[in-house]
$ cat my_file_29.txt   # compact mmCIF, C-alpha atoms
# COMPACT_ATOMS: atom_id res chain seq x y z
CA MET A 28 35.58 118.06 124.25
CA SER A 29 35.35 120.81 126.85
CA SER A 30 38.06 123.45 126.77
CA LEU A 31 37.96 123.50 130.59
CA SER A 32 41.28 122.35 131.97
CA PHE A 33 41.79 120.95 135.48
CA HIS A 34 43.78 122.96 137.99
CA SER A 35 44.85 121.17 141.12
CA GLY A 36 44.05 124.25 143.18
CA MET A 37 40.40 124.40 142.08
CA PRO A 38 37.99 123.18 144.80
CA ALA A 39 36.09 120.05 143.84
CA LEU A 40 32.65 121.70 144.18
CA ALA A 41 33.66 124.63 141.97
CA LEU A 42 34.98 122.22 139.37
CA LEU A 43 31.75 120.24 139.35
CA LEU A 44 29.71 123.42 138.97
CA ALA A 45 31.92 124.59 136.15
CA LEU A 46 31.63 121.25 134.41
CA GLY A 47 27.85 121.32 134.77
CA SER A 48 27.74 124.78 133.25
CA ALA A 49 30.02 123.81 130.40
CA SER A 50 27.95 120.72 129.60
CA GLY A 51 24.78 122.74 129.21
CA ALA A 52 23.05 121.37 132.31
CA PRO A 53 19.50 122.69 132.75
CA PRO A 54 19.18 125.84 134.85
CA GLU A 55 17.92 125.57 138.39
CA HIS A 56 14.14 125.55 138.69
CA LYS A 57 13.06 128.64 140.65
CA THR A 58 9.27 128.96 140.65
CA GLN A 59 7.79 127.85 143.95
CA ASN A 60 4.56 129.89 143.82
CA ILE A 61 1.92 130.72 141.22
CA ILE A 62 -0.44 133.69 141.17
CA PHE A 63 -3.01 133.21 138.41
CA VAL A 64 -5.28 136.15 137.60
CA MET A 65 -8.12 136.03 135.09
CA THR A 66 -10.38 138.85 133.96
CA ASP A 67 -13.65 137.80 132.39
CA GLY A 68 -14.18 138.41 128.69
CA LEU A 69 -11.51 141.05 128.05
CA ARG A 70 -10.95 141.15 124.29
CA TRP A 71 -7.58 140.59 122.65
CA GLN A 72 -8.28 143.71 120.60
CA GLU A 73 -8.03 146.03 123.62
CA VAL A 74 -5.09 144.14 125.10
CA PHE A 75 -2.98 144.46 121.93
CA GLU A 76 -4.43 147.57 120.29
CA GLY A 77 -5.73 149.65 123.20
CA GLY A 78 -9.02 151.50 123.25
CA ASP A 79 -11.09 151.52 120.06
CA VAL A 80 -11.94 155.13 119.14
CA SER A 81 -15.00 153.97 117.17
CA LEU A 82 -16.51 152.70 120.44
CA MET A 83 -15.79 155.87 122.40
CA THR A 84 -19.29 157.24 121.89
CA LYS A 85 -22.18 158.44 124.01
CA ALA A 86 -24.16 155.42 122.84
CA ASN A 87 -21.49 153.29 124.54
CA GLY A 88 -21.61 155.18 127.82
CA VAL A 89 -18.87 157.73 127.12
CA GLU A 90 -20.44 161.05 128.10
CA ASN A 91 -17.34 163.25 127.98
CA ILE A 92 -15.63 161.88 124.89
CA GLU A 93 -12.69 164.29 124.78
CA GLU A 94 -11.84 163.70 128.43
CA PHE A 95 -12.08 159.96 127.89
CA LYS A 96 -9.74 160.19 124.91
CA LEU A 97 -7.17 161.98 127.06
CA ALA A 98 -7.11 158.92 129.28
CA TYR A 99 -7.14 156.14 126.68
CA TRP A 100 -6.65 157.38 123.13
CA ARG A 101 -3.20 157.69 121.56
CA GLU A 102 -2.28 157.82 117.88
CA SER A 103 0.01 154.80 117.99
CA THR A 104 -1.10 151.30 118.91
CA VAL A 105 1.89 150.82 121.23
CA ALA A 106 1.15 154.01 123.17
CA ARG A 107 -2.58 153.29 123.25
CA ARG A 108 -2.30 149.82 124.75
CA ALA A 109 0.30 151.05 127.25
CA ALA A 110 -2.11 153.76 128.40
CA LEU A 111 -4.79 151.13 129.01
CA MET A 112 -2.62 148.44 130.62
CA PRO A 113 0.71 149.95 131.69
CA PHE A 114 1.88 147.09 133.91
CA LEU A 115 1.18 144.45 131.29
CA TRP A 116 3.17 146.33 128.65
CA SER A 117 5.97 147.82 130.75
CA VAL A 118 6.69 144.77 132.92
CA MET A 119 5.03 141.51 131.83
CA ALA A 120 5.66 142.05 128.12
CA VAL A 121 9.24 143.19 128.74
CA GLN A 122 10.37 140.66 131.34
CA GLY A 123 8.06 137.78 130.36
CA GLN A 124 5.87 136.62 127.47
CA VAL A 125 2.52 137.69 126.00
CA TYR A 126 0.57 135.52 123.55
CA GLY A 127 -2.46 136.21 121.40
CA ASN A 128 -1.73 139.12 119.04
CA ARG A 129 -3.46 137.92 115.89
CA ASN A 130 -1.97 140.85 113.96
CA LEU A 131 1.49 139.38 114.56
CA GLY A 132 0.65 135.74 113.79
CA ALA A 133 0.54 134.62 117.43
CA GLU A 134 -2.98 133.35 118.01
CA ALA A 135 -4.39 132.04 121.28
CA TYR A 136 -7.85 130.54 121.44
CA VAL A 137 -10.29 128.38 123.38
CA THR A 138 -11.06 124.86 122.14
CA ASN A 139 -14.40 124.23 123.87
CA GLY A 140 -16.44 125.67 120.98
CA MET A 141 -18.85 127.47 123.34
CA ASN A 142 -16.94 130.69 123.99
CA PHE A 143 -18.54 131.58 127.31
CA SER A 144 -17.58 131.50 130.95
CA TYR A 145 -18.08 128.15 132.69
CA PRO A 146 -16.77 126.14 129.70
CA GLY A 147 -13.83 128.53 129.48
CA TYR A 148 -12.93 128.33 133.14
CA ASN A 149 -13.26 124.56 133.03
CA GLU A 150 -10.93 124.33 130.02
CA THR A 151 -8.43 126.70 131.58
CA LEU A 152 -8.36 125.10 135.00
CA CYS A 153 -8.70 121.43 134.02
CA GLY A 154 -6.74 121.49 130.77
CA PHE A 155 -9.44 120.14 128.47
CA PRO A 156 -12.89 121.05 127.17
CA ASP A 157 -15.89 119.09 128.41
CA PRO A 158 -18.96 119.02 126.14
CA LYS A 159 -21.14 118.37 129.19
CA VAL A 160 -20.07 121.72 130.66
CA ASP A 161 -22.46 123.61 128.42
CA SER A 162 -24.08 126.26 130.62
CA ASN A 163 -23.27 128.78 133.34
CA ASP A 164 -25.50 126.98 135.83
CA LYS A 165 -24.06 126.36 139.29
CA ILE A 166 -23.53 122.64 138.76
CA PRO A 167 -20.57 121.25 140.73
CA ASN A 168 -17.80 120.51 138.26
CA ARG A 169 -17.30 116.79 137.71
CA ASN A 170 -13.75 117.54 136.52
CA VAL A 171 -10.78 118.06 138.81
CA THR A 172 -8.98 121.39 138.34
CA VAL A 173 -5.20 121.72 138.37
CA LEU A 174 -5.56 123.56 141.70
CA GLU A 175 -7.34 120.57 143.25
CA TRP A 176 -4.78 118.23 141.69
CA LEU A 177 -1.96 120.22 143.29
CA TYR A 178 -3.80 120.49 146.61
CA LYS A 179 -3.89 116.70 146.93
CA LYS A 180 -0.09 116.68 147.03
CA PRO A 181 1.49 117.08 150.49
CA ALA A 182 3.63 120.03 149.36
CA TYR A 183 0.52 122.09 148.58
CA ARG A 184 -1.76 121.02 151.43
CA GLY A 185 -3.09 124.19 153.04
CA LYS A 186 -1.29 126.28 150.41
CA VAL A 187 -3.92 126.65 147.67
CA ALA A 188 -6.76 129.19 147.57
CA ALA A 189 -9.16 130.61 144.96
CA PHE A 190 -11.13 133.84 144.88
CA GLY A 191 -13.66 134.75 142.21
CA ALA A 192 -15.90 137.75 141.79
CA TRP A 193 -18.48 135.50 140.12
CA ASP A 194 -20.53 133.46 142.58
CA THR A 195 -20.37 130.39 140.30
CA PHE A 196 -16.76 129.67 141.22
CA GLY A 197 -17.81 127.49 144.14
CA ALA A 198 -19.27 125.13 141.52
CA ILE A 199 -16.46 125.55 138.98
CA PHE A 200 -13.90 124.41 141.57
CA ASN A 201 -16.37 121.98 143.18
CA ALA A 202 -15.34 123.55 146.47
CA GLU A 203 -16.83 120.88 148.71
CA ARG A 204 -14.86 118.13 147.00
CA ALA A 205 -11.72 120.19 146.34
CA GLY A 206 -11.10 121.00 149.99
CA PHE A 207 -9.15 124.25 149.60
CA PRO A 208 -10.70 127.67 150.29
CA VAL A 209 -12.90 129.03 147.51
CA VAL A 210 -14.31 132.50 148.22
CA ALA A 211 -16.82 133.34 145.49
CA GLY A 212 -19.16 136.23 144.81
CA TYR A 213 -20.44 137.83 147.99
CA ASP A 214 -19.01 135.13 150.27
CA PRO A 215 -17.30 136.66 153.30
CA LEU A 216 -13.71 135.71 154.12
CA THR A 217 -14.01 133.92 157.46
CA ILE A 218 -10.66 132.13 157.64
CA PRO A 219 -8.71 133.47 160.65
CA PRO A 220 -7.23 135.94 161.17
CA VAL A 221 -10.31 138.03 160.39
CA THR A 222 -8.63 141.39 160.78
CA ALA A 223 -10.32 144.79 160.92
CA LYS A 224 -9.61 145.19 157.17
CA VAL A 225 -11.19 141.84 156.38
CA GLU A 226 -14.22 142.67 158.54
CA LEU A 227 -14.64 145.92 156.63
CA LEU A 228 -14.38 144.19 153.26
CA ASN A 229 -16.95 141.61 154.38
CA GLN A 230 -19.28 144.38 155.51
CA LEU A 231 -18.87 146.29 152.24
CA LYS A 232 -19.88 143.15 150.36
CA LEU A 233 -23.06 143.02 152.44
CA ASP A 234 -23.82 146.71 151.95
CA GLU A 235 -22.92 147.11 148.28
CA PRO A 236 -25.86 147.45 145.86
CA ARG A 237 -25.96 144.22 143.86
CA TYR A 238 -26.02 145.85 140.45
CA MET A 239 -24.10 142.97 138.83
CA GLY A 240 -26.18 140.12 140.22
CA GLY A 241 -23.87 137.53 141.75
CA GLU A 242 -20.72 139.65 141.57
CA PRO A 243 -19.41 142.35 143.88
CA ALA A 244 -17.18 145.09 142.50
CA ASP A 245 -13.76 143.76 141.53
CA ALA A 246 -12.16 146.04 144.12
CA LEU A 247 -13.80 144.13 146.98
CA THR A 248 -12.65 140.79 145.60
CA PHE A 249 -9.14 142.06 144.93
CA TYR A 250 -8.49 143.65 148.31
CA THR A 251 -9.85 140.56 150.04
CA VAL A 252 -7.32 138.49 148.07
CA LEU A 253 -4.55 140.87 149.03
CA GLU A 254 -5.31 140.44 152.74
CA TYR A 255 -5.43 136.66 152.37
CA LEU A 256 -2.12 136.64 150.51
CA LYS A 257 -0.33 138.63 153.20
CA ALA A 258 -1.77 136.57 156.06
CA HIS A 259 -1.59 133.03 154.65
CA LYS A 260 1.14 133.11 151.98
CA PRO A 261 -0.34 130.42 149.69
CA ARG A 262 1.81 128.71 147.10
CA VAL A 263 -0.99 128.71 144.51
CA LEU A 264 -3.38 131.67 144.49
CA TYR A 265 -6.15 132.13 141.95
CA LEU A 266 -8.11 135.34 141.36
CA SER A 267 -10.87 135.95 138.82
CA LEU A 268 -12.23 139.44 138.17
CA GLY A 269 -15.60 139.99 136.53
CA GLU A 270 -16.28 143.61 135.66
CA THR A 271 -14.75 143.55 132.17
CA ASP A 272 -17.45 141.11 131.07
CA GLU A 273 -20.30 142.75 132.96
CA TRP A 274 -19.67 146.23 131.56
CA ALA A 275 -19.18 144.91 128.03
CA HIS A 276 -22.51 143.07 128.13
CA SER A 277 -24.19 146.28 129.21
CA GLY A 278 -22.59 148.14 126.29
CA ASN A 279 -20.71 150.56 128.55
CA TYR A 280 -17.32 151.02 126.89
CA ARG A 281 -16.26 153.66 129.40
CA GLU A 282 -16.61 151.27 132.33
CA TYR A 283 -15.29 148.32 130.31
CA LEU A 284 -11.99 150.09 129.67
CA GLY A 285 -11.97 151.35 133.25
CA ALA A 286 -12.31 147.78 134.53
CA ALA A 287 -9.45 146.61 132.27
CA HIS A 288 -7.27 149.46 133.52
CA ARG A 289 -8.02 148.56 137.15
CA ALA A 290 -7.30 144.88 136.51
CA ASP A 291 -3.86 145.91 135.26
CA ALA A 292 -3.35 148.03 138.39
CA TYR A 293 -4.31 145.06 140.58
CA LEU A 294 -1.68 142.94 138.80
CA LYS A 295 0.91 145.60 139.55
CA LYS A 296 -0.12 145.72 143.20
CA LEU A 297 0.05 141.93 143.52
CA TRP A 298 3.46 141.77 141.86
CA GLU A 299 4.92 144.57 143.97
CA THR A 300 3.49 142.98 147.12
CA VAL A 301 5.06 139.57 146.51
CA GLN A 302 8.39 141.07 145.45
CA ALA A 303 8.54 142.68 148.90
CA MET A 304 7.96 139.33 150.67
CA PRO A 305 10.90 136.93 151.13
CA GLU A 306 8.62 133.89 150.67
CA TYR A 307 7.79 135.07 147.14
CA LYS A 308 10.55 137.30 145.78
CA GLY A 309 12.37 135.61 142.93
CA ARG A 310 10.27 132.45 143.30
CA THR A 311 6.86 133.47 141.99
CA THR A 312 5.30 133.32 138.53
CA LEU A 313 2.37 135.56 137.60
CA VAL A 314 -0.10 134.43 134.93
CA PHE A 315 -2.85 136.57 133.36
CA SER A 316 -5.60 135.49 130.93
CA PRO A 317 -9.36 135.71 130.19
CA ASP A 318 -11.95 132.93 129.94
CA HIS A 319 -13.14 133.87 126.44
CA GLY A 320 -13.01 136.66 123.90
CA ARG A 321 -15.71 138.83 122.35
CA GLY A 322 -16.97 139.92 118.97
CA GLY A 323 -15.86 142.97 117.02
CA ALA A 324 -17.03 146.56 116.76
CA PRO A 325 -19.50 148.16 116.38
CA VAL A 326 -22.01 145.78 118.04
CA GLU A 327 -20.67 142.28 118.64
CA TRP A 328 -17.99 143.49 121.10
CA LYS A 329 -20.79 143.40 123.68
CA ASP A 330 -21.24 139.66 123.39
CA HIS A 331 -19.64 136.26 122.84
CA GLY A 332 -20.60 132.61 122.46
CA GLN A 333 -21.14 130.10 119.68
CA LYS A 334 -23.01 132.62 117.58
CA ILE A 335 -19.87 134.80 117.49
CA PRO A 336 -17.03 132.53 116.28
CA ASP A 337 -14.32 135.15 116.76
CA SER A 338 -15.04 135.21 120.48
CA LYS A 339 -12.90 132.09 120.76
CA TYR A 340 -9.75 134.23 120.50
CA ILE A 341 -8.04 135.06 123.79
CA TRP A 342 -4.59 136.11 125.08
CA MET A 343 -2.28 135.06 127.90
CA ALA A 344 0.73 136.53 129.70
CA PHE A 345 3.44 135.00 131.88
CA LEU A 346 6.04 136.61 134.14
CA GLY A 347 8.41 134.76 136.45
CA PRO A 348 11.93 133.55 137.17
CA ASP A 349 11.76 130.50 134.88
CA THR A 350 10.08 132.23 131.93
CA PRO A 351 12.53 133.62 129.36
CA ALA A 352 11.94 137.24 128.38
CA LEU A 353 10.64 136.50 124.88
CA LYS A 354 8.29 139.48 125.16
CA GLU A 355 5.30 139.85 122.81
CA ARG A 356 5.29 136.70 120.73
CA GLU A 357 5.28 136.95 116.94
CA ARG A 358 4.87 134.43 114.12
CA ILE A 359 4.65 131.32 116.26
CA GLY A 360 2.31 128.36 116.42
CA ALA A 361 -1.04 128.96 118.08
CA VAL A 362 -1.47 128.26 121.79
CA THR A 363 -4.72 127.18 123.37
CA GLN A 364 -6.55 127.74 126.61
CA SER A 365 -6.28 124.00 127.29
CA GLN A 366 -2.49 124.34 127.65
CA ILE A 367 -2.59 126.66 130.66
CA ALA A 368 -3.23 124.00 133.33
CA ALA A 369 -0.25 121.82 132.41
CA THR A 370 1.93 124.90 132.01
CA LEU A 371 1.04 126.12 135.51
CA ALA A 372 1.94 122.72 136.94
CA ALA A 373 5.19 122.56 134.95
CA LEU A 374 6.22 125.97 136.27
CA LEU A 375 6.02 124.39 139.74
CA GLY A 376 8.02 121.38 138.56
CA GLU A 377 4.94 119.11 138.41
CA ASP A 378 3.90 116.86 135.51
CA TYR A 379 0.13 117.32 135.17
CA ARG A 380 -0.22 115.44 131.90
CA ALA A 381 1.33 112.30 133.36
CA GLU A 382 -1.94 111.89 135.29
CA VAL A 383 -4.26 113.91 133.04
CA PRO A 384 -3.14 112.90 129.53
CA ASN A 385 -6.08 114.61 127.81
CA ALA A 386 -4.90 118.01 129.08
CA GLY A 387 -3.26 120.36 126.61
CA ALA A 388 0.51 120.25 126.30
CA VAL A 389 2.85 122.47 128.29
CA ILE A 390 3.79 125.71 126.51
CA GLU A 391 7.48 124.88 126.48
CA ASP A 392 8.75 128.42 125.87
CA VAL A 393 7.00 129.60 129.04
CA VAL A 394 8.74 127.10 131.31
CA GLY A 395 12.14 127.68 129.71
CA HIS A 396 12.43 124.37 127.87
CA LYS A 397 14.23 124.23 124.59

$ encode --input "my_file_29.txt" --output "structure tokens"
Amino acid sequence: MSSLSFHSGMPALALLLALGSASGAPPEHKTQNIIFVMTDGLRWQEVFEGGDVSLMTKANGVENIEEFKLAYWRESTVARRAALMPFLWSVMAVQGQVYGNRNLGAEAYVTNGMNFSYPGYNETLCGFPDPKVDSNDKIPNRNVTVLEWLYKKPAYRGKVAAFGAWDTFGAIFNAERAGFPVVAGYDPLTIPPVTAKVELLNQLKLDEPRYMGGEPADALTFYTVLEYLKAHKPRVLYLSLGETDEWAHSGNYREYLGAAHRADAYLKKLWETVQAMPEYKGRTTLVFSPDHGRGGAPVEWKDHGQKIPDSKYIWMAFLGPDTPALKERERIGAVTQSQIAATLAALLGEDYRAEVPNAGAVIEDVVGHK
């Protein structure tokens, strides 16, 4: 029995609210927008342990080792990872949740068994692995992503957009079928208003030396996203960065850590931007994750795939008004890449698995469910 007693002077609405609170009614759902950022192939080791001093060598592209150590090496793991990714560890891990620290019994991993990009993006965005997605070829995805699923709903029509540094994202999202804007690789942003800043970014994409094949520098992709965000205010915005994977494959640890550090800075910029916009402040959840992991030092960190089983291990972070501040997770059951899609939908109050039952289950702690 509630200890709340009725007072004749209490307004009816206040009484109802008090009764709801006393009865343990669920809190009001707040998330109306999702910003989902991925960075390709960033290892869990750097995310949770910071820079690896054994890889800070000239053979790995670090010419001035002592100067590099000033930037990224600290004696303690906590200080080291904060130096590499300060926003992740000072904001997301304090106000939200971070999964994947294998040292603390909180594993996160992919389930597709292939441990490379297209299968990983498919699993992340669709909620399930597909054995027929077995290459990085630009084959239009036969599976419907959670972004396309949301876009088909009237509430999200015209409010979904995806940007990817990698030029394969047009196929991953099956852009022609999906219907929402997908700006991939060196594609220019042509959706009005094409401002002077957007024109400059488009021109820089044309002029930039194509040293990473189908990917421009992450900075060009990021600042294009930022302009789109401010102009169009989408409810669901996806961004994938690529340099962490490209520099790792080339064995350049200096640039690999630099790309991770910039990705963290881009997260900070996105978060500060939306917190200054009334359409987003207090109603937006930020999600951060990679598509796959990598092998260990001293050699296999450069690569991933079936031949490197440990490259299945990933990490994920969530920050938003519905996500309890459970911080860095410890000693919990493993979470999988396949759970991200349903969790994104649930954060928006949508039941993805009701229509896609083979998708991974919602991560209940992230959406505030008991």

$ closest_residue --input "my_file_29.txt" --among "A:Ala292, A:Asp337, A:Asn60, A:Glu93" --to "A:Ala110" --atoms "only C-alpha atoms"
A:Ala292

$ closest_residue --input "my_file_29.txt" --among "A:Pro348, A:Gly278, A:Gly147, A:Pro220" --to "A:Gly309" --atoms "all atoms listed in the file"
A:Pro348

$ residues_around --input "my_file_29.txt" --residues "A:Arg310" --least-positions-apart "5" --cutoff "6 Å" --atoms "all atoms listed in the file" --output "list in words"
Lys57, Thr58 and Gln59 of chain A

$ atom_distance --input "my_file_29.txt" --atom1 "atom CA of A:Leu174" --atom2 "atom CA of A:Val362"
20.9 Å

$ residues_around --input "my_file_29.txt" --residues "A:Glu270" --least-positions-apart "3" --cutoff "10 Å" --atoms "all atoms listed in the file" --output "ChimeraX atom specification"
/A:66-69,192-193,239,242-246,267,273-276,282-287,289-290

$ closest_residue --input "my_file_29.txt" --among "A:Lys308, A:Lys334, A:Arg262, A:Arg184" --to "A:Gly347" --atoms "all atoms listed in the file"
A:Lys308

$ closest_residue --input "my_file_29.txt" --among "A:Gly77, A:Glu90, A:Leu353, A:Gln364" --to "A:Pro113" --atoms "all atoms listed in the file"
A:Gly77

$ closest_residue --input "my_file_29.txt" --among "A:Ala198, A:Leu253, A:Ala98, A:Val263" --to "A:Tyr148" --atoms "only C-alpha atoms"
A:Ala198

$ closest_residue --input "my_file_29.txt" --among "A:Tyr265, A:Tyr183, A:Trp71, A:Tyr280" --to "A:Tyr136" --atoms "all atoms listed in the file"
A:Trp71

$ atom_distance --input "my_file_29.txt" --atom1 "atom CA of A:Arg108" --atom2 "atom CA of A:Val74"
6.3 Å

$ atom_distance --input "my_file_29.txt" --atom1 "atom CA of A:Ala205" --atom2 "atom CA of A:Val393"
27.2 Å

$ closest_atom_pairs --input "my_file_29.txt" --of "stretch 130-199 of chain A" --to "stretch 330-333 of chain A" --cutoff "9 Å" --atoms "all atoms listed in the file" --output "tab-separated table"
residue	atom	partner	partner_atom	distance
A:Gly140	CA	A:Gln333	CA	6.6
A:Met141	CA	A:Gln333	CA	5.1
A:Asn142	CA	A:Gly332	CA	4.4
A:Phe143	CA	A:Gly332	CA	5.4

$ write_last_selection --input "my_file_29.txt" --atoms "C-alpha atoms" --output "compact mmCIF listing (two decimals), keeping the file's coordinate frame"
# COMPACT_ATOMS: atom_id res chain seq x y z
CA GLY A 140 -16.44 125.67 120.98
CA MET A 141 -18.85 127.47 123.34
CA ASN A 142 -16.94 130.69 123.99
CA PHE A 143 -18.54 131.58 127.31

$ axis_aligned_box --input "my_file_29.txt" --around "stretch 126-129 of chain A" --padding-each-side "8 Å" --output "lines of an AutoDock Vina configuration file"
center_x = -1.4
center_y = 137.3
center_z = 119.7
size_x = 20.0
size_y = 19.6
size_z = 23.7

$ residues_near_point --input "my_file_29.txt" --point "(-22.3, 128.3, 143.5)" --cutoff "9 Å" --atoms "all atoms listed in the file" --output "list in words"
Asp164, Lys165, Ile166, Pro167, Trp193, Asp194, Thr195, Phe196, Gly197, Ala198, Ile199, Asn201, Ala202, Ala211 and Gly212 of chain A

$ residues_around --input "my_file_29.txt" --residues "A:Arg107" --least-positions-apart "2" --cutoff "12 Å" --atoms "all atoms listed in the file" --output "PDB file with C-alpha atoms, in the frame of the given file"
ATOM      1  CA  GLN A  72      -8.280 143.710 120.600  1.00  0.00           C
ATOM      2  CA  GLU A  73      -8.030 146.030 123.620  1.00  0.00           C
ATOM      3  CA  VAL A  74      -5.090 144.140 125.100  1.00  0.00           C
ATOM      4  CA  PHE A  75      -2.980 144.460 121.930  1.00  0.00           C
ATOM      5  CA  GLU A  76      -4.430 147.570 120.290  1.00  0.00           C
ATOM      6  CA  GLY A  77      -5.730 149.650 123.200  1.00  0.00           C
ATOM      7  CA  GLY A  78      -9.020 151.500 123.250  1.00  0.00           C
ATOM      8  CA  ASP A  79     -11.090 151.520 120.060  1.00  0.00           C
ATOM      9  CA  VAL A  80     -11.940 155.130 119.140  1.00  0.00           C
ATOM     10  CA  LYS A  96      -9.740 160.190 124.910  1.00  0.00           C
ATOM     11  CA  LEU A  97      -7.170 161.980 127.060  1.00  0.00           C
ATOM     12  CA  ALA A  98      -7.110 158.920 129.280  1.00  0.00           C
ATOM     13  CA  TYR A  99      -7.140 156.140 126.680  1.00  0.00           C
ATOM     14  CA  TRP A 100      -6.650 157.380 123.130  1.00  0.00           C
ATOM     15  CA  ARG A 101      -3.200 157.690 121.560  1.00  0.00           C
ATOM     16  CA  GLU A 102      -2.280 157.820 117.880  1.00  0.00           C
ATOM     17  CA  SER A 103       0.010 154.800 117.990  1.00  0.00           C
ATOM     18  CA  THR A 104      -1.100 151.300 118.910  1.00  0.00           C
ATOM     19  CA  VAL A 105       1.890 150.820 121.230  1.00  0.00           C
ATOM     20  CA  ALA A 109       0.300 151.050 127.250  1.00  0.00           C
ATOM     21  CA  ALA A 110      -2.110 153.760 128.400  1.00  0.00           C
ATOM     22  CA  LEU A 111      -4.790 151.130 129.010  1.00  0.00           C
ATOM     23  CA  MET A 112      -2.620 148.440 130.620  1.00  0.00           C
ATOM     24  CA  PRO A 113       0.710 149.950 131.690  1.00  0.00           C
ATOM     25  CA  TRP A 116       3.170 146.330 128.650  1.00  0.00           C
ATOM     26  CA  LEU A 284     -11.990 150.090 129.670  1.00  0.00           C
ATOM     27  CA  HIS A 288      -7.270 149.460 133.520  1.00  0.00           C
TER      28      HIS A 288
END

$ residues_around --input "my_file_29.txt" --residues "stretch 293-300 of chain A" --least-positions-apart "5" --cutoff "8 Å" --atoms "all atoms listed in the file" --output "ChimeraX atom specification"
/A:64,114,249,253,313

$ decode --input "my_file_29.txt" --residues "stretch 230-246 of chain A" --atoms "N, CA and C atoms" --output "short mmCIF file (atom, residue, chain, number, x, y, z; two decimals), in the first residue's frame"
data_model
loop_
_atom_site.label_atom_id
_atom_site.label_comp_id
_atom_site.auth_asym_id
_atom_site.auth_seq_id
_atom_site.Cartn_x
_atom_site.Cartn_y
_atom_site.Cartn_z
N GLN A 230 34.75 20.63 -53.50
CA GLN A 230 35.93 20.89 -54.33
C GLN A 230 37.17 20.22 -53.76
N LEU A 231 37.30 20.25 -52.43
CA LEU A 231 38.45 19.60 -51.80
C LEU A 231 38.43 18.09 -52.05
N LYS A 232 37.25 17.50 -52.08
CA LYS A 232 37.17 16.08 -52.41
C LYS A 232 37.69 15.82 -53.83
N LEU A 233 37.36 16.71 -54.75
CA LEU A 233 37.84 16.56 -56.13
C LEU A 233 39.35 16.73 -56.22
N ASP A 234 39.88 17.66 -55.44
CA ASP A 234 41.30 18.02 -55.55
C ASP A 234 42.23 17.14 -54.73
N GLU A 235 41.70 16.49 -53.69
CA GLU A 235 42.55 15.73 -52.77
C GLU A 235 43.22 14.54 -53.48
N PRO A 236 44.51 14.33 -53.27
CA PRO A 236 45.15 13.12 -53.80
C PRO A 236 44.48 11.87 -53.25
N ARG A 237 44.16 10.93 -54.08
CA ARG A 237 43.40 9.75 -53.64
C ARG A 237 44.34 8.66 -53.14
N TYR A 238 44.99 8.96 -52.02
CA TYR A 238 45.99 8.04 -51.48
C TYR A 238 45.35 6.88 -50.73
N MET A 239 44.04 6.94 -50.45
CA MET A 239 43.38 5.82 -49.79
C MET A 239 42.32 5.19 -50.70
N GLY A 240 42.53 5.26 -51.99
CA GLY A 240 41.62 4.61 -52.93
C GLY A 240 40.27 5.28 -52.96
N GLY A 241 39.25 4.57 -52.47
CA GLY A 241 37.88 5.07 -52.53
C GLY A 241 37.46 5.90 -51.34
N GLU A 242 38.41 6.38 -50.54
CA GLU A 242 38.08 7.14 -49.34
C GLU A 242 38.80 8.48 -49.30
N PRO A 243 38.06 9.58 -49.11
CA PRO A 243 38.72 10.84 -48.81
C PRO A 243 39.18 10.84 -47.36
N ALA A 244 39.92 11.87 -46.99
CA ALA A 244 40.30 12.03 -45.59
C ALA A 244 39.04 12.15 -44.73
N ASP A 245 39.10 11.60 -43.53
CA ASP A 245 37.95 11.66 -42.64
C ASP A 245 37.46 13.08 -42.40
N ALA A 246 38.39 14.03 -42.38
CA ALA A 246 38.00 15.42 -42.13
C ALA A 246 36.99 15.91 -43.15
#
